[in-house]
>>> print(open('query20.txt').read())   # compact mmCIF, C-alpha atoms
# COMPACT_ATOMS: atom_id res chain seq x y z
CA MET A 6 186.54 -78.94 67.09
CA ASN A 7 183.19 -80.68 67.06
CA ARG A 8 184.39 -83.34 69.44
CA ILE A 9 185.54 -80.73 71.94
CA ALA A 10 182.15 -78.99 71.72
CA VAL A 11 180.29 -82.23 72.36
CA ALA A 12 182.55 -83.10 75.30
CA LEU A 13 182.06 -79.64 76.81
CA LEU A 14 178.30 -79.84 76.38
CA THR A 15 178.20 -83.28 78.00
CA LEU A 16 180.24 -81.97 80.92
CA LEU A 17 177.95 -78.97 81.33
CA LEU A 18 174.83 -81.10 81.21
CA THR A 19 176.26 -83.47 83.78
CA PHE A 20 176.85 -80.59 86.19
CA ALA A 21 173.40 -79.19 85.47
CA GLY A 22 172.00 -82.60 86.34
CA LEU A 23 173.93 -82.67 89.59
CA ALA A 24 172.66 -79.22 90.53
CA HIS A 25 169.08 -80.59 90.43
CA PRO A 26 169.44 -84.13 91.68
CA ASN A 27 166.52 -86.42 91.10
CA ASP A 28 165.92 -87.11 94.77
CA GLN A 29 165.39 -83.42 95.41
CA ARG A 30 162.63 -83.29 92.80
CA ALA A 31 161.14 -86.46 94.17
CA GLY A 32 160.93 -84.80 97.54
CA ARG A 33 158.68 -82.08 96.23
CA VAL A 34 156.49 -84.09 93.87
CA ALA A 35 155.48 -87.66 94.54
CA VAL A 36 156.93 -89.94 91.85
CA PRO A 37 154.17 -91.90 90.13
CA VAL A 38 153.49 -95.42 91.25
CA VAL A 39 153.15 -97.73 88.30
CA LYS A 40 152.10 -101.08 89.65
CA ILE A 41 150.68 -103.48 87.11
CA GLU A 42 149.08 -106.29 89.00
CA LYS A 43 147.62 -108.28 86.19
CA SER A 44 150.18 -110.09 84.08
CA GLY A 45 149.98 -110.16 80.31
CA THR A 46 150.44 -107.58 77.62
CA CYS A 47 148.64 -104.28 77.25
CA VAL A 48 146.75 -103.37 74.07
CA ALA A 49 149.86 -101.57 72.73
CA PRO A 50 153.58 -101.27 73.64
CA THR A 51 154.30 -99.27 76.81
CA GLU A 52 155.93 -96.34 74.95
CA GLU A 53 152.91 -95.99 72.70
CA MET A 54 150.51 -96.25 75.63
CA ARG A 55 152.36 -93.57 77.61
CA ARG A 56 152.28 -91.15 74.72
CA ASP A 57 148.98 -91.92 73.04
CA HIS A 58 146.55 -93.54 75.50
CA MET A 59 144.39 -90.42 75.53
CA LYS A 60 144.09 -90.42 71.74
CA MET A 61 143.00 -94.06 71.80
CA LEU A 62 140.39 -93.33 74.45
CA PHE A 63 139.09 -90.26 72.59
CA HIS A 64 138.79 -92.17 69.35
CA GLN A 65 137.08 -95.14 70.97
CA ARG A 66 134.66 -93.04 72.99
CA ASP A 67 133.18 -91.45 69.86
CA ARG A 68 132.99 -94.77 68.03
CA THR A 69 131.19 -96.36 70.97
CA VAL A 70 128.79 -93.58 71.91
CA ARG A 71 127.92 -92.38 68.41
CA GLN A 72 128.18 -95.48 66.26
CA GLY A 73 127.67 -98.29 68.72
CA PHE A 74 130.98 -100.11 68.24
CA ARG A 75 131.81 -102.06 71.38
CA GLU A 76 135.31 -103.31 70.63
CA PRO A 77 136.96 -104.36 73.87
CA ARG A 78 140.47 -103.31 72.79
CA PHE A 79 140.45 -99.60 73.66
CA SER A 80 137.51 -99.54 76.07
CA LEU A 81 137.97 -97.54 79.25
CA LYS A 82 136.23 -100.33 81.13
CA GLY A 83 138.94 -102.69 79.93
CA CYS A 84 141.70 -100.34 81.16
CA VAL A 85 140.11 -100.21 84.61
CA GLU A 86 139.63 -103.99 84.76
CA CYS A 87 143.37 -104.55 84.33
CA HIS A 88 144.89 -101.53 86.02
CA ALA A 89 142.76 -101.09 89.15
CA SER A 90 144.73 -101.61 92.35
CA ARG A 91 144.49 -104.92 94.14
CA GLU A 92 143.83 -103.26 97.51
CA SER A 93 141.36 -100.51 96.63
CA GLY A 94 140.01 -101.99 93.39
CA SER A 95 140.31 -98.53 91.83
CA VAL A 96 142.55 -96.65 89.38
CA LEU A 97 142.20 -93.51 91.51
CA GLY A 98 143.55 -92.68 94.96
CA LYS A 99 147.09 -91.94 96.12
CA GLU A 100 148.68 -94.93 94.43
CA GLY A 101 146.06 -95.37 91.73
CA PHE A 102 147.40 -96.29 88.28
CA CYS A 103 145.77 -93.31 86.57
CA SER A 104 145.77 -90.71 89.31
CA SER A 105 149.38 -91.04 90.52
CA CYS A 106 150.81 -90.43 87.04
CA HIS A 107 148.37 -87.65 86.28
CA ALA A 108 149.20 -85.95 89.57
CA TYR A 109 152.92 -86.15 88.73
CA ALA A 110 152.40 -84.78 85.21
CA SER A 111 149.89 -82.22 86.52
CA VAL A 112 147.32 -83.19 83.91
CA LYS A 113 143.72 -83.11 84.98
CA MET A 114 141.53 -85.94 83.76
CA ASP A 115 137.78 -85.91 84.13
CA CYS A 116 136.98 -89.42 82.87
CA PHE A 117 136.08 -90.66 86.32
CA GLU A 118 133.66 -87.89 87.18
CA CYS A 119 131.19 -89.94 85.15
CA HIS A 120 132.86 -93.28 84.49
CA SER A 121 133.32 -95.91 87.16
CA SER A 122 136.91 -95.99 88.43
CA SER A 123 136.55 -99.38 90.08
CA ARG A 124 137.04 -102.87 88.85
CA HIS A 125 133.67 -104.50 88.79
CA GLN A 126 134.56 -108.17 88.92
CA GLY A 127 136.27 -108.07 92.31
CA PRO A 128 140.02 -108.11 93.04
CA VAL A 129 142.50 -109.70 90.62
CA GLY A 130 142.98 -112.81 92.74
CA ALA A 131 139.27 -113.54 92.87
CA ARG A 132 138.77 -113.50 89.10
CA ARG A 133 137.37 -116.53 87.42
CA MET B 5 142.77 -111.80 26.36
CA SER B 6 139.09 -112.07 25.72
CA LEU B 7 136.43 -114.24 27.33
CA GLY B 8 135.21 -117.20 25.34
CA ARG B 9 131.45 -117.77 24.97
CA ARG B 10 131.40 -120.57 27.51
CA GLU B 11 133.37 -118.59 30.10
CA PHE B 12 131.13 -115.59 29.59
CA LEU B 13 128.01 -117.71 30.18
CA ALA B 14 129.54 -119.30 33.29
CA TRP B 15 130.33 -115.88 34.77
CA GLY B 16 126.83 -114.66 33.96
CA THR B 17 125.23 -117.61 35.75
CA ALA B 18 127.41 -117.12 38.83
CA ALA B 19 126.56 -113.41 38.99
CA THR B 20 122.81 -114.12 38.73
CA ALA B 21 123.00 -116.75 41.48
CA GLY B 22 124.92 -114.29 43.67
CA ALA B 23 122.32 -111.55 43.18
CA ALA B 24 119.51 -113.96 44.05
CA LEU B 25 121.29 -115.14 47.22
CA ALA B 26 122.27 -111.69 48.52
CA PRO B 27 118.90 -110.77 50.15
CA VAL B 28 118.74 -114.17 51.86
CA ILE B 29 122.20 -113.67 53.34
CA SER B 30 121.36 -110.18 54.62
CA LEU B 31 118.20 -111.52 56.31
CA VAL B 32 120.22 -114.19 58.08
CA GLU B 33 122.67 -111.57 59.32
CA LEU B 34 119.86 -109.45 60.74
CA ALA B 35 118.48 -112.30 62.77
CA GLN B 36 121.73 -112.71 64.69
CA ALA B 37 123.06 -110.53 67.50
CA ARG B 38 125.41 -107.75 66.46
CA SER B 39 129.11 -108.33 67.05
CA PRO B 40 131.09 -105.78 69.11
CA GLU B 41 133.07 -104.86 65.98
CA GLU B 42 129.92 -103.87 64.13
CA ALA B 43 128.28 -100.44 64.15
CA ALA B 44 124.62 -99.86 64.97
CA SER B 45 122.72 -100.33 61.74
CA SER B 46 120.06 -98.08 60.24
CA LEU B 47 118.34 -101.25 59.00
CA ARG B 48 117.08 -101.71 62.55
CA ARG B 49 114.77 -99.52 64.58
CA TRP B 50 114.50 -100.54 68.20
CA GLY B 51 111.20 -99.92 69.91
CA LEU B 52 108.77 -100.92 72.62
CA LEU B 53 105.13 -101.93 72.60
CA ILE B 54 103.35 -101.45 75.92
CA ASP B 55 99.93 -102.97 76.50
CA ILE B 56 98.34 -100.73 79.13
CA THR B 57 95.47 -103.14 79.76
CA LYS B 58 98.07 -105.53 81.22
CA CYS B 59 100.10 -102.84 83.02
CA ALA B 60 99.77 -103.82 86.66
CA ASP B 61 99.62 -101.41 89.57
CA CYS B 62 103.32 -101.90 90.30
CA ASP B 63 106.57 -100.10 89.58
CA GLU B 64 108.81 -103.05 88.73
CA CYS B 65 109.94 -101.35 85.52
CA VAL B 66 110.92 -98.16 87.34
CA THR B 67 112.86 -100.02 90.04
CA ALA B 68 114.61 -102.26 87.50
CA CYS B 69 115.58 -99.29 85.33
CA HIS B 70 117.03 -97.28 88.16
CA THR B 71 118.91 -100.29 89.54
CA GLU B 72 120.32 -101.22 86.14
CA ASN B 73 121.45 -97.70 85.37
CA GLY B 74 122.56 -96.73 88.88
CA VAL B 75 120.06 -93.88 89.14
CA ALA B 76 119.97 -93.23 92.87
CA ASN B 77 117.09 -91.69 94.78
CA ASN B 78 118.49 -88.87 96.91
CA GLY B 79 115.10 -88.14 98.45
CA ARG B 80 114.79 -84.84 96.56
CA PRO B 81 112.03 -85.46 94.00
CA ARG B 82 112.33 -81.98 92.48
CA THR B 83 115.91 -82.56 91.35
CA ASP B 84 116.43 -86.33 91.35
CA ALA B 85 116.95 -87.86 87.92
CA GLN B 86 114.08 -89.92 86.58
CA TRP B 87 114.55 -92.12 83.54
CA ILE B 88 111.12 -93.76 83.62
CA ARG B 89 107.98 -93.02 85.62
CA LYS B 90 104.51 -94.40 86.11
CA VAL B 91 101.75 -92.05 84.94
CA ASN B 92 98.25 -92.51 86.31
CA LEU B 93 95.33 -91.46 84.13
CA ARG B 94 91.81 -91.04 85.46
CA ASP B 95 88.71 -90.12 83.50
CA LYS B 96 86.97 -87.40 85.49
CA ARG B 97 83.48 -88.39 84.32
CA THR B 98 83.67 -92.16 84.52
CA ALA B 99 86.49 -92.48 87.11
CA VAL B 100 88.08 -95.18 84.95
CA ALA B 101 91.76 -95.32 85.96
CA GLN B 102 94.73 -96.42 83.89
CA THR B 103 98.44 -96.58 84.64
CA LEU B 104 101.32 -96.62 82.20
CA PRO B 105 105.11 -96.35 82.19
CA LEU B 106 106.46 -93.26 80.39
CA MET B 107 110.05 -92.79 79.31
CA CYS B 108 111.98 -91.39 76.34
CA GLN B 109 109.84 -92.28 73.33
CA HIS B 110 112.85 -92.57 70.99
CA CYS B 111 111.28 -90.43 68.28
CA GLU B 112 112.15 -90.71 64.62
CA ASP B 113 112.33 -86.89 64.53
CA PRO B 114 113.36 -86.00 68.09
CA PRO B 115 112.83 -82.37 69.20
CA CYS B 116 115.67 -82.78 71.73
CA VAL B 117 118.09 -83.35 68.84
CA ASP B 118 116.75 -80.32 66.93
CA VAL B 119 117.41 -77.90 69.78
CA CYS B 120 120.78 -79.18 71.04
CA PRO B 121 123.39 -76.46 70.44
CA THR B 122 126.40 -78.79 70.63
CA GLY B 123 125.14 -81.90 68.87
CA ALA B 124 125.35 -83.87 72.11
CA SER B 125 121.74 -85.00 71.83
CA PHE B 126 121.62 -87.38 68.90
CA LYS B 127 119.79 -90.32 67.40
CA ARG B 128 121.84 -93.43 66.79
CA ASP B 129 121.43 -95.22 63.46
CA ASP B 130 119.24 -97.89 65.05
CA GLY B 131 116.76 -95.28 66.36
CA ILE B 132 117.96 -95.01 69.98
CA VAL B 133 118.01 -91.36 71.12
CA LEU B 134 121.01 -90.66 73.37
CA VAL B 135 123.01 -87.88 75.02
CA ASP B 136 126.75 -87.82 74.30
CA LYS B 137 127.77 -86.57 77.72
CA HIS B 138 131.26 -85.78 76.45
CA THR B 139 129.80 -82.87 74.50
CA CYS B 140 126.75 -82.02 76.65
CA ILE B 141 127.15 -78.60 78.25
CA GLY B 142 124.10 -78.94 80.50
CA CYS B 143 122.08 -76.12 78.89
CA ARG B 144 118.85 -78.13 79.30
CA TYR B 145 117.26 -76.94 76.03
CA CYS B 146 116.40 -80.60 75.35
CA VAL B 147 114.70 -80.91 78.73
CA MET B 148 112.42 -78.07 77.69
CA ALA B 149 111.93 -79.33 74.13
CA CYS B 150 110.89 -82.87 75.03
CA PRO B 151 107.08 -83.08 75.01
CA TYR B 152 107.20 -86.16 77.24
CA GLY B 153 109.26 -84.64 80.06
CA ALA B 154 111.58 -87.59 79.63
CA ARG B 155 114.90 -85.88 80.25
CA SER B 156 116.56 -85.11 83.58
CA PHE B 157 119.44 -82.87 84.51
CA VAL B 158 121.97 -84.30 86.96
CA HIS B 159 122.11 -81.74 89.76
CA GLU B 160 124.40 -83.52 92.18
CA THR B 161 127.78 -85.21 92.12
CA VAL B 162 127.30 -88.87 91.28
CA THR B 163 129.32 -91.66 92.85
CA GLY B 164 129.24 -95.41 92.44
CA GLN B 165 128.24 -95.40 88.76
CA ARG B 166 127.68 -98.68 86.98
CA PRO B 167 130.60 -99.52 84.66
CA ASP B 168 128.30 -99.62 81.63
CA VAL B 169 126.36 -96.48 82.50
CA PRO B 170 128.52 -93.38 83.03
CA ARG B 171 126.62 -90.56 84.74
CA GLY B 172 127.84 -87.19 85.92
CA LYS B 173 126.85 -83.86 87.35
CA GLY B 174 126.08 -81.10 84.88
CA THR B 175 124.82 -83.25 82.03
CA VAL B 176 121.38 -84.24 80.83
CA GLU B 177 120.29 -87.85 80.67
CA SER B 178 117.29 -89.99 79.87
CA CYS B 179 116.26 -93.52 79.02
CA THR B 180 118.89 -95.08 76.75
CA LEU B 181 116.68 -98.08 75.98
CA CYS B 182 119.43 -99.84 77.98
CA VAL B 183 121.73 -99.42 74.99
CA HIS B 184 124.52 -101.39 76.72
CA ARG B 185 122.17 -104.37 77.07
CA VAL B 186 120.73 -104.01 73.58
CA ASP B 187 124.25 -104.00 72.10
CA ARG B 188 124.96 -107.36 73.68
CA GLY B 189 121.63 -108.80 72.54
CA ASP B 190 119.51 -108.42 75.69
CA ALA B 191 116.20 -106.64 76.21
CA PRO B 192 116.03 -103.44 78.32
CA ALA B 193 115.88 -103.92 82.09
CA CYS B 194 112.29 -102.58 82.34
CA VAL B 195 111.02 -105.11 79.81
CA GLU B 196 112.81 -107.97 81.53
CA ALA B 197 111.40 -106.95 84.94
CA CYS B 198 107.87 -106.44 83.62
CA ASN B 199 107.83 -109.88 82.04
CA ARG B 200 109.29 -111.48 85.16
CA ASP B 201 107.56 -109.73 88.07
CA GLY B 202 105.05 -107.34 86.54
CA GLY B 203 102.01 -107.58 84.29
CA LYS B 204 103.89 -108.82 81.18
CA ALA B 205 102.81 -105.65 79.43
CA MET B 206 106.07 -104.68 77.69
CA LEU B 207 107.53 -106.02 74.46
CA PHE B 208 110.89 -105.01 72.99
CA GLY B 209 112.08 -105.57 69.45
CA ASP B 210 113.12 -104.33 66.05
CA LEU B 211 110.25 -102.43 64.42
CA ASN B 212 111.77 -103.09 60.98
CA ASP B 213 112.21 -106.83 61.39
CA ALA B 214 109.26 -108.57 59.74
CA SER B 215 109.91 -111.73 61.77
CA ALA B 216 109.85 -109.93 65.16
CA GLU B 217 106.78 -110.23 67.35
CA ILE B 218 106.64 -106.47 67.90
CA HIS B 219 106.50 -105.95 64.13
CA ARG B 220 103.74 -108.54 63.75
CA ARG B 221 101.62 -107.09 66.58
CA LEU B 222 102.05 -103.50 65.46
CA HIS B 223 100.84 -104.47 62.00
CA ALA B 224 97.96 -106.68 63.18
CA GLU B 225 96.61 -104.81 66.20
CA PRO B 226 95.72 -101.16 66.87
CA SER B 227 98.25 -99.12 68.82
CA ALA B 228 98.80 -95.47 69.65
CA GLN B 229 101.55 -92.93 70.16
CA VAL B 230 101.46 -90.48 73.05
CA ARG B 231 100.94 -87.03 71.53
CA ALA B 232 100.54 -88.49 68.04
CA ASP B 233 99.51 -84.96 66.95
CA LEU B 234 103.18 -83.92 67.10
CA ALA B 235 104.00 -86.46 64.34
CA LEU B 236 107.27 -87.49 65.96
CA ASP B 237 106.90 -91.14 64.92
CA THR B 238 107.80 -92.53 68.32
CA GLY B 239 109.61 -95.83 68.80
CA VAL B 240 107.55 -96.52 71.94
CA ARG B 241 103.94 -97.45 71.16
CA TYR B 242 101.01 -98.10 73.50
CA GLN B 243 97.95 -100.32 73.32
CA GLY B 244 94.73 -99.68 75.24
CA LEU B 245 95.43 -95.97 75.66
>>> encode(input="query20.txt", output="structure tokens")
Amino acid sequence: MNRIAVALLTLLLTFAGLAHPNDQRAGRVAVPVVKIEKSGTCVAPTEEMRRDHMKMLFHQRDRTVRQGFREPRFSLKGCVECHASRESGSVLGKEGFCSSCHAYASVKMDCFECHSSSRHQGPVGARR
Amino acid sequence: MSLGRREFLAWGTAATAGAALAPVISLVELAQARSPEEAASSLRRWGLLIDITKCADCDECVTACHTENGVANNGRPRTDAQWIRKVNLRDKRTAVAQTLPLMCQHCEDPPCVDVCPTGASFKRDDGIVLVDKHTCIGCRYCVMACPYGARSFVHETVTGQRPDVPRGKGTVESCTLCVHRVDRGDAPACVEACNRDGGKAMLFGDLNDASAEIHRRLHAEPSAQVRADLALDTGVRYQGL
């Protein structure tokens, strides 16, 4: 009985998926562009970063501003240094690492109303 | 298991030696620059000593500050942010003129912190008075409370901020004593510029550090606070005022 129920559910879900094909959704909302131009590992695994990057930034911002810790690991400046685009040097813009995902998820971020969104040491290729 | 007499004596000697060494070790630590993994310490109190008799008729400190912190001049003096300014004093009777740089005085008991409704205006453990712009709501109570007129409200959208100095519309800001430079062991930009291109009037250091020149001069020579009557115990002291 259970097996039949699971099979039916799978079948239903498959049809539901076909009714809203991915390309149709992509037509309405631009799919985020995740281009990582600097090789190497991030400060945490990708799954953790996707889910919790905002918590890391919140935690670090209070430690830095209030207590004066300057650990490089979770610093916003560090994120921008690695993730800014090679062409524009920024994490914002149409294909920006931060802005394209946030536009897709419809989550407003106001970090860069005050913080610099640009890599400061020039493009990736020109780094020492 | 119990300690034998010899073992007990050996432990006692080690403990005494440890207690005698501890202050020496802590002094050595203080003399070195703070690591990024270390919090600002209340053992320090950063401050400035400004000798007005040497303060030249220039504005190197103002230019250096505004360049370092990305404070742009929009050509609207009534609303443009001002982190440091030159104040000219002139005795009406004798016409003796003096000039001095005035910025946040980094008070021990800052009125701006007292009045802040959100706790955004705060004093860091090492005596630097700052605005946490994440919690600042732009009410400007601190601007009114500061007796030195040191704080500015950001009226316009800011672009091209320096990576170390976030600035944004709708928040209040003031001299941070170049906290980003101090944290990496450098002196504030104004002090560096004054000693390079100006009258060599400014000295930066730890007011609590007995080996620092600022500590030595403050204890050996007369100095003054601006509006000493308010008893705010300022971190910025003047000579020749």
>>> atom_distance(input="query20.txt", atom1="CA of Met54 in chain A", atom2="CA of Gly83 in chain A")
13.9 Å
>>> interface_residues(input="query20.txt", of="chain B", to="chain A", cutoff="10 Å", atoms="all atoms listed in the file", output="VMD selection string")
chain B and resid 38 to 45 124 126 to 130 134 to 138 161 to 173 175 183 to 184 187 to 188
>>> atom_distance(input="query20.txt", atom1="CA of Cys65 in chain B", atom2="CA of Glu217 in chain B")
20.5 Å
>>> atom_distance(input="query20.txt", atom1="CA of Cys150 in chain B", atom2="CA of Asp118 in chain B")
10.3 Å
>>> residues_around(input="query20.txt", residues="range 45-47 of chain A", least_positions_apart="2", cutoff="12 Å", atoms="all atoms listed in the file", output="list in words")
Ile41, Glu42, Lys43, Ala49, Pro50, Thr51, Glu52, Glu53, Met54, Arg55, His58, Arg78, Phe79, Gly83, Cys84, Val85, Glu86, Cys87 and His88 of chain A
>>> residues_around(input="query20.txt", residues="Leu93 in chain B", least_positions_apart="4", cutoff="10 Å", atoms="only C-alpha atoms", output="PyMOL selection string")
chain B and resi 99-104+245
>>> residues_around(input="query20.txt", residues="Cys103 in chain A", least_positions_apart="3", cutoff="10 Å", atoms="all atoms listed in the file", output="ChimeraX atom specification")
/A:37-39,84-85,88-89,95-100,106-108,114,122
>>> residues_around(input="query20.txt", residues="range 196-212 of chain B", least_positions_apart="5", cutoff="9 Å", atoms="only C-alpha atoms", output="JSON, numbers by chain")
{"B": [47, 48, 49, 50, 51, 52, 53, 54, 55, 56, 57, 58, 59, 60, 61, 62, 63, 64, 65, 67, 68, 69, 130, 190, 191, 217, 218, 219, 220, 222, 239]}
>>> closest_residue(input="query20.txt", among="B:Cys140, B:Val133, B:Ala228, B:Ala216", to="Val117 in chain B", atoms="all atoms listed in the file")
B:Val133
>>> residues_around(input="query20.txt", residues="Ala85 in chain B", least_positions_apart="5", cutoff="12 Å", atoms="all atoms listed in the file", output="PyMOL selection string")
chain B and resi 66+69-70+73-80+147+153-162+171-179
